[in-house]
Every structure is written in structure tokens, then in C-alpha cells.
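*Asks:* You'll find my_file28.txt just under this line, and it carries compact mmCIF, C-alpha atoms.
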# COMPACT_ATOMS: atom_id res chain seq x y z
CA MET A 1 12.85 -7.34 -21.59
CA LYS A 2 12.90 -3.55 -21.52
CA LYS A 3 16.70 -3.45 -21.51
CA LEU A 4 16.87 -5.75 -24.51
CA ALA A 5 14.23 -3.75 -26.34
CA LEU A 6 16.18 -0.55 -25.67
CA LEU A 7 19.37 -2.16 -26.94
CA PHE A 8 17.49 -3.30 -30.02
CA VAL A 9 16.18 0.21 -30.68
CA ALA A 10 19.63 1.68 -30.09
CA LEU A 11 21.01 -0.71 -32.70
CA ALA A 12 18.38 0.44 -35.16
CA LEU A 13 19.49 4.02 -34.55
CA LEU A 14 22.95 3.16 -35.91
CA LEU A 15 21.58 2.34 -39.37
CA PRO A 16 21.87 5.92 -40.70
CA ALA A 17 25.59 5.90 -39.97
CA ALA A 18 25.98 3.44 -42.84
CA ALA A 19 25.04 6.21 -45.26
CA ALA A 20 28.10 8.19 -44.17
CA LEU A 21 30.45 5.49 -45.46
CA ALA A 22 31.73 6.25 -48.94
CA ASP A 23 32.57 2.81 -50.31
CA GLU A 24 29.53 0.67 -51.29
CA ALA A 25 31.28 -2.57 -50.33
CA GLN A 26 32.07 -1.02 -46.97
CA VAL A 27 28.41 0.00 -46.59
CA ASP A 28 27.34 -3.55 -47.45
CA ARG A 29 29.70 -4.97 -44.82
CA TYR A 30 28.43 -2.48 -42.25
CA VAL A 31 24.80 -3.29 -43.05
CA GLU A 32 25.51 -7.01 -42.73
CA LEU A 33 27.11 -6.47 -39.32
CA LEU A 34 24.09 -4.45 -38.22
CA ARG A 35 21.76 -7.15 -39.50
CA GLN A 36 23.60 -9.84 -37.56
CA ASP A 37 23.51 -7.73 -34.42
CA THR A 38 19.81 -7.10 -34.98
CA ARG A 39 19.13 -10.82 -35.44
CA ASP A 40 21.05 -11.56 -32.25
CA GLN A 41 19.10 -8.92 -30.32
CA LYS A 42 15.79 -10.20 -31.69
CA GLU A 43 16.67 -13.74 -30.67
CA ALA A 44 17.59 -12.57 -27.17
CA ILE A 45 14.22 -10.83 -26.84
CA ILE A 46 12.40 -13.90 -28.20
CA ARG A 47 14.24 -16.09 -25.67
CA GLU A 48 13.00 -13.80 -22.93
CA VAL A 49 9.33 -13.83 -23.94
CA ILE A 50 8.97 -17.38 -25.28
CA VAL A 51 9.61 -19.58 -22.27
CA PHE A 52 9.32 -23.34 -22.13
CA LYS A 53 8.63 -25.22 -18.91
CA GLU A 54 10.80 -27.96 -17.57
CA GLY A 55 10.09 -31.12 -19.52
CA GLU A 56 9.22 -29.23 -22.73
CA GLY A 57 12.62 -29.78 -24.32
CA ASP A 58 11.13 -31.36 -27.45
CA LYS A 59 8.72 -28.45 -27.86
CA ALA A 60 11.54 -25.95 -27.35
CA ALA A 61 13.76 -27.72 -29.88
CA ALA A 62 10.92 -27.80 -32.42
CA PHE A 63 10.26 -24.09 -31.89
CA TRP A 64 13.91 -23.07 -32.32
CA ASN A 65 14.25 -25.19 -35.48
CA VAL A 66 11.20 -23.48 -37.00
CA TYR A 67 12.42 -20.09 -35.76
CA ARG A 68 15.81 -20.48 -37.45
CA ASP A 69 14.20 -21.58 -40.73
CA TYR A 70 11.82 -18.62 -40.51
CA GLN A 71 14.67 -16.18 -39.89
CA ASN A 72 16.62 -17.58 -42.86
CA ASP A 73 13.60 -17.14 -45.13
CA LEU A 74 12.88 -13.70 -43.65
CA LYS A 75 16.44 -12.67 -44.54
CA LYS A 76 15.60 -13.23 -48.21
CA VAL A 77 12.60 -10.92 -47.93
CA THR A 78 14.59 -8.27 -46.06
CA ASP A 79 17.32 -8.52 -48.73
CA GLY A 80 14.63 -7.50 -51.19
CA ARG A 81 13.60 -4.59 -48.96
CA LEU A 82 17.22 -3.42 -48.69
CA ALA A 83 17.58 -3.59 -52.48
CA LEU A 84 14.49 -1.39 -52.79
CA ILE A 85 15.95 1.15 -50.35
CA LYS A 86 19.18 1.25 -52.37
CA ASP A 87 17.20 1.66 -55.60
CA TYR A 88 15.22 4.50 -54.00
CA ALA A 89 18.42 6.22 -52.84
CA VAL A 90 20.06 5.92 -56.25
CA ASN A 91 17.02 7.35 -58.03
CA PHE A 92 15.90 9.90 -55.43
CA GLU A 93 17.26 13.03 -57.13
CA LYS A 94 16.04 12.02 -60.58
CA MET A 95 12.78 10.32 -59.59
CA THR A 96 10.23 10.02 -62.36
CA ASP A 97 6.61 8.94 -62.14
CA ARG A 98 7.52 5.76 -64.01
CA LYS A 99 10.27 4.91 -61.51
CA ALA A 100 7.98 5.82 -58.60
CA ALA A 101 5.30 3.43 -59.91
CA GLU A 102 7.93 0.70 -60.38
CA LEU A 103 9.18 1.13 -56.82
CA ALA A 104 5.62 1.10 -55.44
CA LYS A 105 4.88 -2.19 -57.23
CA LYS A 106 8.06 -3.73 -55.83
CA VAL A 107 7.32 -2.51 -52.28
CA LEU A 108 3.81 -3.96 -52.45
CA ALA A 109 5.21 -7.26 -53.76
CA ASN A 110 7.73 -7.30 -50.91
CA ASP A 111 4.92 -6.69 -48.41
CA ARG A 112 2.98 -9.61 -49.95
CA ASP A 113 6.08 -11.82 -49.71
CA THR A 114 6.38 -10.93 -46.01
CA LEU A 115 2.73 -11.82 -45.39
CA LYS A 116 3.04 -15.09 -47.34
CA LEU A 117 6.08 -15.99 -45.26
CA LYS A 118 4.18 -15.39 -42.02
CA GLU A 119 1.24 -17.45 -43.32
CA LYS A 120 3.61 -20.26 -44.30
CA TYR A 121 5.29 -20.34 -40.92
CA TYR A 122 2.29 -19.73 -38.67
CA GLY A 123 1.15 -23.35 -39.08
CA LYS A 124 4.67 -24.59 -38.39
CA PHE A 125 4.87 -22.56 -35.19
CA VAL A 126 1.41 -23.80 -34.12
CA LYS A 127 2.53 -27.39 -34.69
CA ALA A 128 5.73 -26.79 -32.72
CA MET A 129 4.25 -24.93 -29.75
CA GLY A 130 0.48 -24.46 -29.93
CA ALA A 131 -1.67 -21.59 -31.20
CA SER A 132 -1.41 -19.31 -28.16
CA ALA A 133 2.37 -19.47 -28.05
CA ALA A 134 2.59 -19.06 -31.84
CA ASN A 135 0.42 -15.95 -31.59
CA ARG A 136 2.63 -14.65 -28.79
CA PHE A 137 5.69 -15.21 -30.96
CA PHE A 138 4.20 -13.33 -33.92
CA GLN A 139 2.98 -10.55 -31.66
CA VAL A 140 6.54 -9.96 -30.46
CA GLU A 141 8.04 -10.55 -33.92
CA ASN A 142 5.66 -8.06 -35.53
CA THR A 143 6.42 -5.47 -32.85
CA LEU A 144 10.17 -5.82 -33.32
CA ASN A 145 9.88 -5.67 -37.11
CA SER A 146 7.64 -2.60 -36.82
CA ILE A 147 10.29 -0.87 -34.71
CA ILE A 148 12.92 -1.64 -37.33
CA LEU A 149 10.74 -0.44 -40.21
CA LEU A 150 9.73 2.70 -38.32
CA ARG A 151 13.34 3.58 -37.73
CA ILE A 152 14.30 2.95 -41.35
CA ASN A 153 11.30 4.89 -42.65
CA THR A 154 11.97 7.88 -40.42
CA GLU A 155 15.52 8.05 -41.78
CA LEU A 156 14.49 7.92 -45.43
CA PRO A 157 13.61 11.23 -47.00
CA LEU A 158 9.99 11.60 -48.03
CA PHE A 159 9.23 10.62 -51.58
CA PRO A 160 9.79 13.62 -53.85
CA GLN A 161 6.58 15.30 -54.89
CA ARG A 162 6.67 16.34 -58.50
CA VAL A 163 3.99 18.85 -59.37
CA PRO A 164 3.34 18.98 -63.10
CA ALA A 165 3.77 22.40 -64.68
CA LYS A 166 0.59 24.10 -65.90
Show how you would write the structure in this file as C-alpha cells.
*Replies:*
Amino acid sequence: MKKLALLFVALALLLPAAAALADEAQVDRYVELLRQDTRDQKEAIIREVIVFKEGEGDKAAAFWNVYRDYQNDLKKVTDGRLALIKDYAVNFEKMTDRKAAELAKKVLANDRDTLKLKEKYYGKFVKAMGASAANRFFQVENTLNSIILLRINTELPLFPQRVPAK
């Protein structure tokens, strides 16, 4: 588990390298490759911590079906988060209070979408594997997503502080 977590974190460290690429299409391709690698690493970690006993093949199949649906829906939410990061980068040097307020509203909406997604899927995971195992899954999922967000947020420059002239 620790080795996979370290690999996962190492992958997240590569994200800033995308900014060094000049061509936006090239950046998009690079980000998509990183996202696929990240999804693969997350799945490997999930496989290590969510274990089914012999004879629980139906339960395992149900879990992985829900997991794949969840990841597909999560991709839509993370697409929105990536669009916000791009919007922030484009407007960073010329940030206005109006744009800052717009971005804040969109970030909060994206956070709500993430929570709604978890609420939607929690019941599906409980049905597939029971409440304790579903909680274990979301505990690991939330930890991994927190690591990703922490890494992204530490690479983004702080929001510009504009002090009004007196």
C-alpha cells in the first residue's frame, strides 16, 4: 500500500511539468495521460485496500461496476475543476474582483457537485458491499483525492491580493 501511495504522490508531482509545455493541445494531451495514470494508480490502491473474500465474486463484481460508474461521473466533475484552473491561469495577471467572485462561485459549485456525486454513489456502494466497506472505500477515496488537490493547490500561485488605492 505504501509503495502504491508513494507512486501515486510521485505522479501528482509531475503535474507542474505540464505548464512547461508551450502548445495547449500538447498540454491537454499530457494532462489526459497524467489523469489516466492517476486513475490507474488509484484503482491499484483501491484493489489493495478493498478486498473480497473467496465466494464474494458477486459482491466484488457489483462493487467494481459501481466504482467504474463513479469514476466516469467523477471525471466530469474533475473536468470542471481543470477548466477552472485554466481559467484562473489565463486571468491571473489581470484578475479583477468581478472575475475573482465569478471563479469563487464556480469553485463552490464544483465542490457541491463533488459532494452530490458522493451522496449519489454512497447508497450504491452500500448496496453493493455494505456500509462498513462503503465507508472504507470513501475514506481511501477521499484521502487520495485530498492528496491530488493538495498537490495541485500547492503548485498554483496564491490568489492575487488587490489592495484598493486610498
*Asks:* Take atom CA of Arg136 of chain A and atom CA of Ala62 of chain A and report the distance between them in Å, one decimal.
*Replies:*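 About the pair atom CA of Arg136 of chain A and atom CA of Ala62 of chain A: they are 16.0 Å apart.
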*Asks:* To one decimal place, how far is atom CA of Leu34 of chain A from atom CA of Asp111 of chain A in Å?
*Replies:*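 Interatomic distance here is 21.8 Å.
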*Asks:* Between A:Glu155, A:Ala101, A:Ile46, A:Glu32, which is the closest to Gln139 of chain A once you count all atoms listed in the file?
*Replies:*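 When distances to Gln139 of chain A are compared using all atoms listed in the file, the smallest one comes from A:Ile46.
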*Asks:* Closest to Thr143 of chain A among A:Arg68, A:Arg35, A:Lys42, A:Arg47, using all atoms listed in the file?
*Replies:*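 Of all the options, A:Lys42 lies closest to Thr143 of chain A.
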*Asks:* If I take atom CA of Ile152 of chain A and atom CA of Gly123 of chain A, how far is one from the other in Å, to one decimal?
*Replies:*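 For atom CA of Ile152 of chain A relative to atom CA of Gly123 of chain A, the distance reads 29.5 Å.
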*Asks:* In terms of the shortest atom-to-atom distance over only C-alpha atoms, which of A:Leu115, A:Leu156, A:Ala134, A:Ala60 is closest to Phe92 of chain A?
*Replies:* A:Leu156
*Asks:* Could you tell me which of A:Val126, A:Ala83, A:Val90, A:Leu74 comes closest to Lys59 of chain A if we count only C-alpha atoms?
*Replies:*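 Ranking A:Val126, A:Ala83, A:Val90, A:Leu74 by distance to Lys59 of chain A, first place goes to A:Val126.
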*Asks:* With all atoms listed in the file as the counted atoms, please give the residues lying no more than 12 Å from Leu117 of chain A, apart from itself and same-chain residues fewer than 6 positions off, as a list in words.
*Replies:*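 Non-adjacent residues within range: Asp69, Tyr70, Gln71, Asn72, Asp73, Leu74, Lys75, Lys76, Val77, Thr78, Asn110, Asp111, Gly123, Lys124 and Phe138 of chain A.
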*Asks:* Could the residues in this selection be saved with C-alpha atoms as a short mmCIF file (atom, residue, chain, number, x, y, z; two decimals), keeping the file's coordinate frame?
*Replies:*
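Output (result-v1.cif):
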data_model
loop_
_atom_site.label_atom_id
_atom_site.label_comp_id
_atom_site.auth_asym_id
_atom_site.auth_seq_id
_atom_site.Cartn_x
_atom_site.Cartn_y
_atom_site.Cartn_z
CA ASP A 69 14.20 -21.58 -40.73
CA TYR A 70 11.82 -18.62 -40.51
CA GLN A 71 14.67 -16.18 -39.89
CA ASN A 72 16.62 -17.58 -42.86
CA ASP A 73 13.60 -17.14 -45.13
CA LEU A 74 12.88 -13.70 -43.65
CA LYS A 75 16.44 -12.67 -44.54
CA LYS A 76 15.60 -13.23 -48.21
CA VAL A 77 12.60 -10.92 -47.93
CA THR A 78 14.59 -8.27 -46.06
CA ASN A 110 7.73 -7.30 -50.91
CA ASP A 111 4.92 -6.69 -48.41
CA GLY A 123 1.15 -23.35 -39.08
CA LYS A 124 4.67 -24.59 -38.39
CA PHE A 138 4.20 -13.33 -33.92
#
*Asks:* Put the listed atoms of segment 97-104 of chain A in a box along x, y and z with 4 Å added on every side and give me the centre and edge lengths in Å to one decimal, as JSON.
*Replies:*
{"center_x": 7.8, "center_y": 4.8, "center_z": -59.7, "size_x": 13.0, "size_y": 16.2, "size_z": 16.6}
*Asks:* From the list A:Ile85, A:Val140, A:Ala109, A:Met129, which residue is nearest Glu56 of chain A when using all atoms listed in the file?
*Replies:*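 The closest residue to Glu56 of chain A is A:Met129.
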